[in-house]
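For reference, final.csv (CSV, C-alpha atoms and all ligand atoms):
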chain,number,residue,atom,x,y,z
A,1,MET,CA,-8.2,16.0,16.9
A,2,ASN,CA,-6.6,19.3,17.9
A,3,ASP,CA,-8.4,22.7,17.8
A,4,THR,CA,-6.8,23.7,14.5
A,5,GLU,CA,-8.0,20.6,12.7
A,6,PRO,CA,-10.8,21.4,10.2
A,7,VAL,CA,-14.4,20.0,10.8
A,8,LEU,CA,-15.9,17.6,8.2
A,9,PRO,CA,-19.0,18.4,6.1
A,10,VAL,CA,-22.1,16.6,7.5
A,11,ARG,CA,-22.3,13.6,5.1
A,12,THR,CA,-18.9,12.8,3.9
A,13,ALA,CA,-18.4,9.5,2.1
A,14,ILE,CA,-14.8,8.3,2.4
A,15,VAL,CA,-13.9,5.6,-0.2
A,16,LEU,CA,-10.9,3.5,0.9
A,17,PHE,CA,-9.1,1.7,-1.9
A,18,ASN,CA,-6.9,-1.4,-1.8
A,19,LEU,CA,-6.0,-4.2,-4.1
A,20,GLY,CA,-8.3,-6.9,-2.7
A,21,GLY,CA,-7.6,-10.6,-2.3
A,22,PRO,CA,-9.3,-14.0,-2.8
A,23,ASP,CA,-12.0,-14.8,-0.3
A,24,GLY,CA,-11.7,-18.6,-0.8
A,25,ALA,CA,-9.8,-21.2,-2.7
A,26,ASP,CA,-12.1,-20.8,-5.8
A,27,SER,CA,-11.4,-17.1,-6.1
A,28,ILE,CA,-7.5,-17.3,-6.2
A,29,LYS,CA,-7.4,-17.9,-10.0
A,30,PRO,CA,-10.0,-15.3,-11.1
A,31,PHE,CA,-8.5,-12.8,-8.7
A,32,ARG,CA,-5.0,-13.3,-10.2
A,33,VAL,CA,-6.4,-13.2,-13.8
A,34,ASN,CA,-8.2,-9.9,-13.0
A,35,LEU,CA,-4.9,-8.5,-11.7
A,36,PHE,CA,-2.8,-9.5,-14.7
A,37,SER,CA,-5.5,-8.3,-17.1
A,38,ASP,CA,-5.1,-4.8,-15.8
A,39,PRO,CA,-3.3,-2.6,-18.4
A,40,ALA,CA,-1.8,-0.7,-15.5
A,41,ILE,CA,0.0,-3.9,-14.4
A,42,ILE,CA,0.8,-5.6,-17.7
A,43,ARG,CA,1.2,-3.1,-20.4
A,44,ALA,CA,0.5,-5.4,-23.4
A,45,PRO,CA,-1.6,-4.6,-26.5
A,46,ILE,CA,-5.3,-5.3,-26.0
A,47,PHE,CA,-5.4,-8.2,-28.5
A,48,ILE,CA,-3.0,-10.3,-26.4
A,49,ARG,CA,-3.7,-8.9,-22.9
A,50,PHE,CA,-6.3,-11.4,-21.7
A,51,TRP,CA,-4.5,-14.4,-23.1
A,52,LEU,CA,-1.2,-13.1,-21.6
A,53,ALA,CA,-3.0,-12.5,-18.2
A,54,ARG,CA,-4.0,-16.2,-18.1
A,55,VAL,CA,-0.6,-17.4,-19.0
A,56,ILE,CA,1.2,-15.2,-16.4
A,57,ALA,CA,-1.5,-16.0,-13.7
A,58,ALA,CA,-1.1,-19.8,-14.4
A,59,SER,CA,2.7,-19.6,-14.1
A,60,ALA,CA,2.8,-19.2,-10.3
A,61,GLN,CA,-0.8,-20.4,-9.5
A,62,LYS,CA,0.4,-23.4,-7.3
A,63,LYS,CA,2.8,-21.2,-5.3
A,64,ALA,CA,-0.1,-18.7,-4.7
A,65,GLU,CA,-2.4,-21.5,-3.6
A,66,GLU,CA,0.1,-22.7,-1.1
A,67,GLY,CA,0.6,-19.2,0.2
A,68,TYR,CA,-3.1,-18.6,0.7
A,69,ALA,CA,-3.5,-22.1,2.2
A,70,LEU,CA,-1.0,-20.9,4.9
A,71,MET,CA,-3.4,-18.1,5.7
A,72,GLY,CA,-6.5,-20.3,6.0
A,73,GLY,CA,-7.3,-20.4,2.3
A,74,LYS,CA,-8.0,-16.7,1.8
A,75,SER,CA,-6.7,-13.2,2.1
A,76,PRO,CA,-7.2,-11.3,5.4
A,77,LEU,CA,-7.1,-8.0,3.5
A,78,LEU,CA,-10.8,-7.3,3.4
A,79,GLU,CA,-11.4,-8.0,7.1
A,80,LEU,CA,-8.4,-5.9,8.1
A,81,THR,CA,-9.6,-3.0,5.8
A,82,ARG,CA,-13.0,-3.2,7.4
A,83,ASN,CA,-11.4,-2.8,10.8
A,84,GLN,CA,-9.6,0.3,9.5
A,85,ALA,CA,-12.8,1.7,8.0
A,86,GLU,CA,-14.7,1.2,11.3
A,87,ALA,CA,-11.9,2.9,13.3
A,88,LEU,CA,-11.6,5.8,10.8
A,89,GLU,CA,-15.4,6.3,10.8
A,90,ALA,CA,-15.4,6.5,14.6
A,91,SER,CA,-12.8,9.2,14.5
A,92,LEU,CA,-14.6,11.3,11.8
A,93,PRO,CA,-18.1,12.0,12.9
A,94,GLY,CA,-20.4,12.7,10.0
A,95,SER,CA,-18.4,10.3,7.7
A,96,LYS,CA,-19.2,6.9,6.4
A,97,CYS,CA,-16.4,4.7,5.0
A,98,PHE,CA,-16.8,2.5,2.0
A,99,ILE,CA,-14.3,0.0,0.7
A,100,ALA,CA,-13.6,-0.5,-3.0
A,101,MET,CA,-11.1,-3.3,-4.0
A,102,ARG,CA,-9.5,-3.4,-7.4
A,103,TYR,CA,-9.3,-7.1,-8.2
A,104,TRP,CA,-11.8,-8.8,-6.0
A,105,HIS,CA,-15.1,-8.0,-4.1
A,106,PRO,CA,-16.2,-5.5,-3.1
A,107,PHE,CA,-15.6,-4.0,-6.6
A,108,ALA,CA,-15.9,-0.2,-7.4
A,109,THR,CA,-19.0,-0.8,-9.5
A,110,GLU,CA,-21.1,-2.0,-6.5
A,111,ILE,CA,-19.6,0.5,-4.1
A,112,ALA,CA,-20.3,3.5,-6.4
A,113,ARG,CA,-24.0,2.5,-6.3
A,114,GLU,CA,-23.9,2.2,-2.5
A,115,VAL,CA,-22.3,5.6,-2.2
A,116,LYS,CA,-24.9,7.2,-4.4
A,117,ALA,CA,-27.7,5.6,-2.4
A,118,TRP,CA,-26.2,7.1,0.8
A,119,ALA,CA,-26.5,10.6,-0.9
A,120,PRO,CA,-23.3,12.2,0.5
A,121,GLU,CA,-22.6,15.9,0.5
A,122,ARG,CA,-19.0,15.3,-0.4
A,123,ILE,CA,-16.7,12.3,-1.3
A,124,LEU,CA,-13.1,11.7,-0.3
A,125,LEU,CA,-11.2,9.2,-2.4
A,126,LEU,CA,-8.5,7.8,0.0
A,127,PRO,CA,-6.2,5.2,-1.5
A,128,LEU,CA,-4.7,2.9,1.2
A,129,TYR,CA,-1.4,3.1,-0.6
A,130,PRO,CA,0.9,5.7,1.1
A,131,GLN,CA,3.0,6.0,-2.1
A,132,PHE,CA,1.5,6.7,-5.6
A,133,SER,CA,2.0,4.1,-8.3
A,134,THR,CA,0.3,3.9,-11.6
A,135,THR,CA,-0.1,0.1,-10.8
A,136,THR,CA,-2.0,0.7,-7.6
A,137,THR,CA,-3.4,4.2,-6.9
A,138,GLY,CA,-3.6,5.1,-10.5
A,139,SER,CA,-5.4,1.9,-11.4
A,140,SER,CA,-7.8,2.1,-8.5
A,141,LEU,CA,-8.8,5.7,-9.0
A,142,SER,CA,-9.3,5.2,-12.8
A,143,ASP,CA,-11.5,2.2,-12.0
A,144,TRP,CA,-13.5,4.4,-9.5
A,145,HIS,CA,-14.0,7.2,-12.1
A,146,ASP,CA,-15.4,4.7,-14.6
A,147,ALA,CA,-17.7,3.1,-11.9
A,148,ALA,CA,-18.9,6.5,-10.6
A,149,ALA,CA,-19.7,7.6,-14.2
A,150,ARG,CA,-21.7,4.4,-14.8
A,151,ALA,CA,-23.6,4.9,-11.5
A,152,GLY,CA,-24.3,8.5,-12.3
A,153,LEU,CA,-22.6,9.6,-9.1
A,154,VAL,CA,-22.0,13.4,-9.3
A,155,VAL,CA,-20.9,14.8,-6.0
A,156,PRO,CA,-18.1,17.2,-5.1
A,157,THR,CA,-15.1,14.9,-4.7
A,158,THR,CA,-11.6,15.3,-3.2
A,159,THR,CA,-8.9,12.9,-4.4
A,160,LEU,CA,-5.7,12.1,-2.6
A,161,CYS,CA,-2.9,10.9,-4.7
A,162,CYS,CA,-0.6,9.9,-1.8
A,163,TRP,CA,0.5,10.6,1.7
A,164,TYR,CA,3.9,9.0,2.0
A,165,ASP,CA,5.5,12.0,3.8
A,166,ASP,CA,2.7,12.9,6.2
A,167,PRO,CA,4.4,13.6,9.5
A,168,ALA,CA,1.8,11.8,11.7
A,169,TYR,CA,1.9,8.7,9.4
A,170,ALA,CA,5.7,8.7,9.5
A,171,ALA,CA,5.6,9.0,13.3
A,172,ALA,CA,3.1,6.1,13.6
A,173,ILE,CA,5.3,3.8,11.4
A,174,ALA,CA,8.4,4.9,13.3
A,175,ALA,CA,6.8,3.9,16.6
A,176,LEU,CA,6.0,0.4,15.3
A,177,VAL,CA,9.6,0.0,14.0
A,178,MET,CA,11.1,1.2,17.3
A,179,ARG,CA,9.0,-1.3,19.2
A,180,THR,CA,10.3,-4.2,17.0
A,181,LEU,CA,13.9,-2.8,17.2
A,182,ALA,CA,13.6,-2.7,21.0
A,183,THR,CA,12.6,-6.4,21.0
A,184,ALA,CA,15.5,-7.3,18.7
A,185,ARG,CA,18.0,-5.4,20.9
A,186,ALA,CA,16.6,-7.1,24.1
A,187,GLU,CA,16.8,-10.6,22.6
A,188,LEU,CA,20.0,-10.6,20.6
A,189,PRO,CA,23.4,-10.8,22.3
A,190,ALA,CA,24.7,-7.3,23.3
A,191,GLY,CA,26.5,-5.5,20.5
A,192,THR,CA,24.9,-7.5,17.6
A,193,PRO,CA,24.6,-5.1,14.7
A,194,ILE,CA,21.0,-4.6,13.4
A,195,ARG,CA,19.9,-3.2,10.0
A,196,LEU,CA,16.4,-1.9,9.3
A,197,LEU,CA,15.3,-3.2,5.9
A,198,PHE,CA,12.4,-1.1,4.5
A,199,SER,CA,10.9,-3.7,2.2
A,200,ALA,CA,8.4,-2.2,-0.4
A,201,HIS,CA,6.5,-4.0,-3.1
A,202,GLY,CA,8.7,-4.0,-6.2
A,203,LEU,CA,7.8,-2.8,-9.7
A,204,PRO,CA,9.1,-3.7,-13.2
A,205,GLU,CA,12.0,-1.3,-14.0
A,206,SER,CA,10.2,-0.3,-17.2
A,207,ILE,CA,7.3,1.2,-15.3
A,208,VAL,CA,9.6,3.3,-13.2
A,209,LYS,CA,11.5,4.4,-16.3
A,210,ALA,CA,8.2,5.5,-17.8
A,211,GLY,CA,7.8,8.0,-15.0
A,212,ASP,CA,6.1,6.1,-12.2
A,213,PRO,CA,7.1,8.1,-9.0
A,214,TYR,CA,6.6,5.1,-6.6
A,215,GLN,CA,10.3,4.3,-6.0
A,216,GLU,CA,11.1,8.0,-5.3
A,217,GLU,CA,8.1,8.2,-2.9
A,218,VAL,CA,9.2,4.9,-1.1
A,219,GLU,CA,12.6,6.5,-0.6
A,220,ALA,CA,11.1,9.8,0.6
A,221,CYS,CA,8.8,7.9,2.9
A,222,THR,CA,11.6,5.9,4.4
A,223,LYS,CA,13.6,9.1,5.0
A,224,ALA,CA,10.6,10.6,6.8
A,225,VAL,CA,10.3,7.5,9.1
A,226,MET,CA,14.1,7.4,9.7
A,227,ASP,CA,14.1,11.1,10.6
A,228,VAL,CA,11.7,10.4,13.4
A,229,ILE,CA,13.7,7.3,14.6
A,230,THR,CA,17.0,9.3,14.6
A,231,ARG,CA,15.4,12.2,16.5
A,232,THR,CA,13.7,9.9,19.0
A,233,LEU,CA,16.6,7.5,19.7
A,234,GLY,CA,19.3,10.1,19.3
A,235,GLU,CA,21.3,7.8,17.0
A,236,VAL,CA,21.5,6.9,13.3
A,237,VAL,CA,20.3,3.3,12.9
A,238,ASP,CA,21.7,1.4,9.9
A,239,HIS,CA,19.0,1.0,7.2
A,240,GLN,CA,18.3,0.2,3.6
A,241,VAL,CA,15.4,0.2,1.1
A,242,CYS,CA,14.7,-3.0,-0.8
A,243,PHE,CA,11.9,-4.4,-3.0
A,244,GLN,CA,10.0,-7.6,-2.8
A,245,SER,CA,7.3,-9.7,-4.6
A,246,ARG,CA,8.7,-9.9,-8.1
A,247,ALA,CA,5.8,-11.3,-10.1
A,248,THR,CA,6.9,-11.2,-13.8
A,249,PRO,CA,10.0,-12.3,-15.7
A,250,GLN,CA,11.0,-8.7,-16.6
A,251,GLN,CA,13.8,-6.8,-14.8
A,252,TRP,CA,12.4,-5.4,-11.5
A,253,ILE,CA,13.8,-2.5,-9.5
A,254,GLU,CA,16.6,-3.5,-7.1
A,255,PRO,CA,17.9,-4.3,-4.6
A,256,SER,CA,15.5,-7.1,-4.0
A,257,THR,CA,14.6,-8.0,-0.4
A,258,GLU,CA,16.4,-11.3,-1.0
A,259,GLN,CA,19.6,-9.5,-2.2
A,260,ALA,CA,19.4,-7.2,0.9
A,261,ILE,CA,19.2,-10.3,3.2
A,262,GLU,CA,22.2,-11.8,1.4
A,263,GLN,CA,24.0,-8.5,1.9
A,264,ALA,CA,23.1,-8.5,5.6
A,265,ALA,CA,24.4,-12.1,5.9
A,266,HIS,CA,27.7,-11.0,4.3
A,267,ASP,CA,27.9,-8.0,6.7
A,268,GLY,CA,27.1,-10.2,9.7
A,269,THR,CA,24.1,-8.1,10.7
A,270,ALA,CA,20.6,-9.0,12.0
A,271,VAL,CA,17.6,-7.4,10.3
A,272,VAL,CA,14.3,-5.9,11.2
A,273,VAL,CA,12.1,-6.0,8.1
A,274,ILE,CA,9.5,-3.2,7.7
A,275,PRO,CA,6.7,-3.6,5.1
A,276,ILE,CA,6.8,0.1,4.1
A,277,ALA,CA,4.3,0.1,1.2
A,278,PHE,CA,1.5,-2.0,2.8
A,279,VAL,CA,-0.9,-0.7,5.5
A,280,SER,CA,-2.4,-4.2,6.2
A,281,GLU,CA,-1.1,-7.7,6.7
A,282,HIS,CA,-1.6,-9.9,3.7
A,283,ILE,CA,0.1,-12.7,1.7
A,284,GLU,CA,3.2,-10.6,1.0
A,285,THR,CA,3.8,-9.9,4.7
A,286,LEU,CA,2.4,-13.1,6.4
A,287,VAL,CA,3.9,-15.5,3.8
A,288,GLU,CA,6.6,-13.8,1.9
A,289,LEU,CA,8.2,-11.9,4.7
A,290,ASP,CA,7.3,-14.2,7.7
A,291,VAL,CA,7.9,-17.6,6.0
A,292,GLU,CA,9.9,-17.3,2.8
A,293,TYR,CA,12.4,-14.6,3.6
A,294,ARG,CA,12.8,-15.9,7.2
A,295,GLU,CA,13.8,-19.2,5.7
A,296,VAL,CA,16.4,-17.4,3.5
A,297,ALA,CA,17.7,-15.6,6.6
A,298,GLU,CA,18.0,-18.8,8.6
A,299,LYS,CA,19.8,-20.6,5.8
A,300,LEU,CA,22.3,-17.8,5.6
A,301,HIS,CA,22.7,-17.8,9.4
A,302,LEU,CA,21.8,-14.2,10.0
A,303,PRO,CA,22.3,-13.3,13.6
A,304,GLY,CA,18.5,-12.4,13.8
A,305,TYR,CA,15.4,-11.8,11.6
A,306,TYR,CA,12.6,-9.7,13.0
A,307,ARG,CA,9.6,-8.1,11.3
A,308,ALA,CA,7.7,-4.9,12.2
A,309,PRO,CA,4.0,-5.2,11.9
A,310,ALA,CA,1.9,-3.5,9.2
A,311,PRO,CA,-0.1,-0.7,10.8
A,312,ASN,CA,-3.6,-2.3,10.4
A,313,ASP,CA,-5.8,-0.5,12.8
A,314,ASP,CA,-3.0,0.8,15.1
A,315,PRO,CA,-4.6,3.9,16.9
A,316,ALA,CA,-1.7,6.2,15.9
A,317,PHE,CA,-2.0,5.2,12.3
A,318,ILE,CA,-5.8,5.6,12.2
A,319,ALA,CA,-5.4,9.1,13.9
A,320,ALA,CA,-2.9,10.0,11.1
A,321,LEU,CA,-5.3,8.8,8.4
A,322,ALA,CA,-8.1,10.9,10.1
A,323,GLY,CA,-5.9,14.0,10.0
A,324,ILE,CA,-5.0,13.4,6.4
A,325,ALA,CA,-8.7,13.0,5.5
A,326,ARG,CA,-9.8,16.1,7.4
A,327,ARG,CA,-7.2,18.3,5.8
A,328,ALA,CA,-7.8,17.0,2.3
A,329,ILE,CA,-11.5,17.6,2.6
A,330,ALA,CA,-11.0,21.1,4.0
A,331,HIS,CA,-8.9,21.8,0.9
A,332,GLY,CA,-12.1,21.4,-1.2
A,333,ASP,CA,-12.8,20.0,-4.6
A,334,GLY,CA,-10.5,18.5,-7.0
A,335,LEU,CA,-7.1,16.9,-6.4
A,336,CYS,CA,-5.1,16.1,-3.4
A,337,SER,CA,-3.7,18.1,-0.7
A,338,HIS,CA,-3.1,16.6,2.7
A,339,ARG,CA,-1.4,19.7,4.2
A,340,GLY,CA,-4.5,21.9,4.9
A,341,GLY,CA,-4.5,24.3,1.9
A,342,ARG,CA,-0.9,23.8,0.9
A,343,SER,CA,-0.4,21.4,-1.9
A,344,CYS,CA,1.2,18.0,-1.2
A,345,SER,CA,4.8,17.8,-2.3
A,346,VAL,CA,3.8,16.5,-5.7
A,347,HIS,CA,0.4,17.9,-6.3
A,348,ASN,CA,-0.3,21.2,-8.3
A,349,ARG,CA,3.2,21.3,-9.5
A,350,ASP,CA,3.2,17.8,-10.9
A,351,CYS,CA,0.6,15.5,-9.2
A,352,PRO,CA,1.2,11.9,-10.4
A,353,TRP,CA,-2.5,11.2,-10.3
A,354,ALA,CA,-3.3,14.3,-12.5
A,355,ARG,CA,-0.5,13.2,-14.8
A,356,TYR,CA,-1.8,9.6,-15.0
A,357,ARG,CA,-5.4,10.7,-15.5
A,358,ALA,CA,-4.5,13.0,-18.3
A,359,LEU,CA,-2.7,10.1,-20.0
A,360,VAL,CA,-5.7,7.7,-19.5
A,361,ASP,CA,-8.1,10.4,-20.8
A,362,ALA,CA,-6.0,11.1,-23.9
A,401,LIG,C1,3.2,-7.2,-12.1
A,401,LIG,C2,2.7,-7.6,-11.0
A,401,LIG,C3,2.5,-6.8,-9.9
A,401,LIG,C4,2.7,-5.5,-9.6
A,401,LIG,C5,3.4,-4.4,-10.4
A,401,LIG,C6,2.2,-5.2,-8.3
A,401,LIG,C7,2.3,-4.0,-7.6
A,401,LIG,C8,1.8,-3.8,-6.3
A,401,LIG,N1,1.1,-4.6,-5.5
A,401,LIG,C9,0.9,-4.1,-4.2
A,401,LIG,C10,0.1,-4.6,-3.2
A,401,LIG,C11,-0.5,-5.9,-3.2
A,401,LIG,N2,-0.3,-6.9,-4.1
A,401,LIG,C12,-1.1,-8.0,-3.7
A,401,LIG,C13,-1.2,-9.2,-4.4
A,401,LIG,C14,-0.5,-9.5,-5.6
A,401,LIG,N3,0.2,-8.6,-6.4
A,401,LIG,C15,0.7,-9.3,-7.5
A,401,LIG,C16,1.4,-8.7,-8.6
A,401,LIG,C17,1.8,-7.4,-8.7
A,401,LIG,N4,1.7,-6.4,-7.8
A,401,LIG,C18,0.1,-10.6,-7.4
A,401,LIG,C19,0.4,-11.7,-8.5
A,401,LIG,C20,-0.6,-10.7,-6.3
A,401,LIG,C21,-1.4,-11.9,-5.8
A,401,LIG,C22,-0.6,-12.7,-4.8
A,401,LIG,C23,0.0,-13.9,-5.4
A,401,LIG,O1,-0.7,-14.5,-6.2
A,401,LIG,O2,1.1,-14.2,-5.1
A,401,LIG,C24,-1.9,-7.6,-2.6
A,401,LIG,C25,-3.0,-8.5,-1.9
A,401,LIG,C26,-2.5,-9.8,-1.5
A,401,LIG,C27,-3.6,-10.6,-0.7
A,401,LIG,O3,-3.5,-10.7,0.5
A,401,LIG,O4,-4.4,-11.3,-1.4
A,401,LIG,C28,-1.5,-6.3,-2.2
A,401,LIG,C29,-2.0,-5.5,-1.1
A,401,LIG,C30,1.6,-2.9,-4.2
A,401,LIG,C31,1.7,-1.9,-3.0
A,401,LIG,C32,2.2,-2.7,-5.5
A,401,LIG,C33,3.0,-1.6,-6.1
A,401,LIG,C34,3.3,-0.5,-5.6
A,402,FE,FE,1.1,-6.8,-5.7
A,403,FE,FE,-1.2,14.9,-5.7
Could you show the structure in this file as structure tokens?
Amino acid sequence: MNDTEPVLPVRTAIVLFNLGGPDGADSIKPFRVNLFSDPAIIRAPIFIRFWLARVIAASAQKKAEEGYALMGGKSPLLELTRNQAEALEASLPGSKCFIAMRYWHPFATEIAREVKAWAPERILLLPLYPQFSTTTTGSSLSDWHDAAARAGLVVPTTTLCCWYDDPAYAAAIAALVMRTLATARAELPAGTPIRLLFSAHGLPESIVKAGDPYQEEVEACTKAVMDVITRTLGEVVDHQVCFQSRATPQQWIEPSTEQAIEQAAHDGTAVVVIPIAFVSEHIETLVELDVEYREVAEKLHLPGYYRAPAPNDDPAFIAALAGIARRAIAHGDGLCSHRGGRSCSVHNRDCPWARYRALVDA
């Protein structure tokens, strides 16, 4: 913390949001049904939503079970989020971090009651999604508002919509990327071209066309990280944004990560894949990137396939989150600002969370 950083109020509850994941073989199916029943994910009329959720969830159930089996039968997401919460709490005296997951335990309902019992002076809602999407942040914050209302939790609350262009966050990610890039350069034959593939979770194209700012924020986030890399290394490194994890038959935004790997094979370049929309390792990094796409890369004889780690509880990442939290809280009640009094690049003018909330309320 530097001298200009604001001090936190005495009892600040920080609620960290993520998607959640199954905690054992028996919870894979209900977790996936919960996910596909969310109207923010599958925009179907209510009378077919729950039937459709079961049909879609069943369609790739076996593949999901195989993926979780590779990770010991469950998702590591909650444990890794607990580590982040512990590290963040240690850097923000006076705060207590709570975790609310969207589709599996701990759910917002039970956490809203816990927050109320702790009797905070202030609450910060901090989604662990750097970029805003209606499918992730929008859904988690709406779920929290309903849970808080049911719990009768009425405390001054600051809400962050997103922090994709926070300079300290961009620097923390750039450092992780440059470490992996240095390994790739040391291991590959001299002169082997290398491309950085910023792989974000994809979205159905229809959601983006309906105004979801996620793709734009992923691109702006990548630019912020690349600016640090260019400045630090004094060179422009080849890079591309791509989208992974297509989960429904609709058209999803492109290029897909698979298409980007095919392009790299065509261009004869090695790749360093960066999970740019995830702050923790989970099935989409440990299985999709490390096993499935690696196999694609090997089949296509890429000169090299490397993967930068998700930040997890990396100290520079946690310090960035602590700075974002302090400045947001200092801004006071209401919606997000992570730039100490100045609005975030989308908030006030056109905050995506405010826009989404207005739609949900209407
Ligand atoms: C229409 C389907 C999906 C959309 C849209 C979507 C958006 C989205 N998801 C994340 C982050 C995570 N997703 C995770 C799991 C997961 N996501 C989907 C589908 C959509 N996601 C499914 C079906 C699953 C379950 C995994 C599987 O069955 O294959 C997870 C947690 C994974 C874990 O470890 O358990 C995260 C985290 C983002 C960032 C995002 C859009 C911006
Ligand atoms: Fe997902
Ligand atoms: Fe905002």
Inset, instruction - Find the residue from A:Pro315, A:Gly191, A:Gly67, A:Pro30 that sits nearest to ligand LIG 401 (chain A); use only C-alpha atoms and all ligand atoms when measuring. - result: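 Among the listed residues, A:Gly67 lies closest to ligand LIG 401 (chain A).
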Legend entry - Close residues to ligand FE 402 (chain A) using all atoms listed in the file, limit 9 Å, as a list in words: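 So the residues close to ligand FE 402 (chain A) are Leu19, Leu35, Thr135, Thr136, His201, Gly202, Leu203, Ser245, Arg246, Ala247 and Glu284 of chain A.
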Include C-alpha atoms and write out the residues we just selected as an mmCIF file, in the frame of the given file.
data_model
loop_
_atom_site.group_PDB
_atom_site.id
_atom_site.type_symbol
_atom_site.label_atom_id
_atom_site.label_comp_id
_atom_site.auth_asym_id
_atom_site.auth_seq_id
_atom_site.Cartn_x
_atom_site.Cartn_y
_atom_site.Cartn_z
ATOM 1 C CA LEU A 19 -6.000 -4.200 -4.100
ATOM 2 C CA LEU A 35 -4.900 -8.500 -11.700
ATOM 3 C CA THR A 135 -0.100 0.100 -10.800
ATOM 4 C CA THR A 136 -2.000 0.700 -7.600
ATOM 5 C CA HIS A 201 6.500 -4.000 -3.100
ATOM 6 C CA GLY A 202 8.700 -4.000 -6.200
ATOM 7 C CA LEU A 203 7.800 -2.800 -9.700
ATOM 8 C CA SER A 245 7.300 -9.700 -4.600
ATOM 9 C CA ARG A 246 8.700 -9.900 -8.100
ATOM 10 C CA ALA A 247 5.800 -11.300 -10.100
ATOM 11 C CA GLU A 284 3.200 -10.600 1.000
#
Inset, instruction - For each of A:Asp165, A:Leu289, A:Ala174, A:Pro193, take the minimum atom-to-atom distance to A:Arg231, counting all atoms listed in the file, then give the residue where this is smallest. - result: A:Ala174
Legend entry - Surrounding residues of A:Arg32 excluding itself and chain neighbours under 5 positions, 9 Å, only C-alpha atoms, as a list in words: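 Here the answer would be Gly21, Pro22, Ser27, Ser37, Ala53, Arg54, Ile56, Ala57, Ala58, Gln61 and Tyr103 of chain A.
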Restricted to C-alpha atoms, what would the selected residues look like written as a PDB file, in the frame of the given file?
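Result file follows (again05.pdb):
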ATOM      1  CA  GLY A  21      -7.600 -10.600  -2.300  1.00  0.00           C
ATOM      2  CA  PRO A  22      -9.300 -14.000  -2.800  1.00  0.00           C
ATOM      3  CA  SER A  27     -11.400 -17.100  -6.100  1.00  0.00           C
ATOM      4  CA  SER A  37      -5.500  -8.300 -17.100  1.00  0.00           C
ATOM      5  CA  ALA A  53      -3.000 -12.500 -18.200  1.00  0.00           C
ATOM      6  CA  ARG A  54      -4.000 -16.200 -18.100  1.00  0.00           C
ATOM      7  CA  ILE A  56       1.200 -15.200 -16.400  1.00  0.00           C
ATOM      8  CA  ALA A  57      -1.500 -16.000 -13.700  1.00  0.00           C
ATOM      9  CA  ALA A  58      -1.100 -19.800 -14.400  1.00  0.00           C
ATOM     10  CA  GLN A  61      -0.800 -20.400  -9.500  1.00  0.00           C
ATOM     11  CA  TYR A 103      -9.300  -7.100  -8.200  1.00  0.00           C
TER      12      TYR A 103
END
Legend entry - Nearest to A:Gln251, chosen from A:Val208, A:Val296, A:Leu302, A:Val33, with only C-alpha atoms counted in the distances: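 The closest residue to A:Gln251 is A:Val208.
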Legend entry - Atomic separation - atom CA of A:Ala200 relative to atom CA of A:Ala170, Å: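 For atom CA of A:Ala170 relative to atom CA of A:Ala200, the distance reads 15.0 Å.
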Axis-aligned box for ligand LIG 401 (chain A), 6 Å per side, centre and edges in Å as lines of an AutoDock Vina configuration file:
center_x = -0.5
center_y = -7.5
center_z = -5.8
size_x = 19.8
size_y = 26.0
size_z = 24.6
Inset, instruction - Considering all atoms listed in the file, state which residue in the set A:Pro249, A:Ser280, A:Ile318, A:Val155 is at the smallest distance from A:Ser59. - result: A:Pro249
Using only C-alpha atoms, which residues sit within 6 Å of A:Gln131 once same-chain residues fewer than 2 positions away are excluded, as an mmCIF file with C-alpha atoms, in the coordinates of the input?
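out25.cif was written with the following content:
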data_model
loop_
_atom_site.group_PDB
_atom_site.id
_atom_site.type_symbol
_atom_site.label_atom_id
_atom_site.label_comp_id
_atom_site.auth_asym_id
_atom_site.auth_seq_id
_atom_site.Cartn_x
_atom_site.Cartn_y
_atom_site.Cartn_z
ATOM 1 C CA TYR A 129 -1.400 3.100 -0.600
ATOM 2 C CA CYS A 162 -0.600 9.900 -1.800
ATOM 3 C CA TYR A 164 3.900 9.000 2.000
ATOM 4 C CA TYR A 214 6.600 5.100 -6.600
ATOM 5 C CA GLU A 217 8.100 8.200 -2.900
#
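Closest approach to ligand LIG 401 (chain A) among A:Pro120, A:Pro9, A:Pro303, A:Pro127 is made by A:Pro127 (distances from all atoms listed in the file).
Taking only C-alpha atoms into account, A:Leu70 lies nearest to A:Leu286 out of the set A:Leu286, A:Ser199, A:Leu52, A:Phe47.
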Legend entry - Distance in Å - atom CA of A:Trp104 versus atom CA of A:Phe31: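 That distance, rounded to one decimal, is 5.8 Å.
Atom C15 of ligand LIG 401 (chain A) lies 16.8 Å from atom CA of A:Gly73.
Every protein or nucleic acid residue with an atom no more than 10 Å from A:Ser139, counting all atoms listed in the file and leaving out same-chain residues fewer than 4 positions away, appears here: Leu19, Asp38, Pro39, Ala40, Ile41, Arg102, Ser133, Thr134, Thr135, Asp143, Trp144, Trp353, Tyr356, Arg357 and Val360 of chain A.
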Inset, instruction - Excluding A:Thr285 and residues on its chain fewer than 3 positions from it, collect all residues at most 9 Å away from it, counting all atoms listed in the file, and give them as a list in words. - result: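 Selected residues are Pro275, Phe278, Ser280, Glu281, His282, Glu288, Leu289, Asp290, Val291, Arg307, Pro309 and Ala310 of chain A.
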Legend entry - Protein, DNA and RNA residues within 7 Å of (15.7, -10.9, 17.7), only C-alpha atoms, as a list in words: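 Protein, DNA and RNA residues close to (15.7, -10.9, 17.7): Thr183, Ala184, Arg185, Glu187, Leu188, Gly304, Tyr305 and Tyr306 of chain A.
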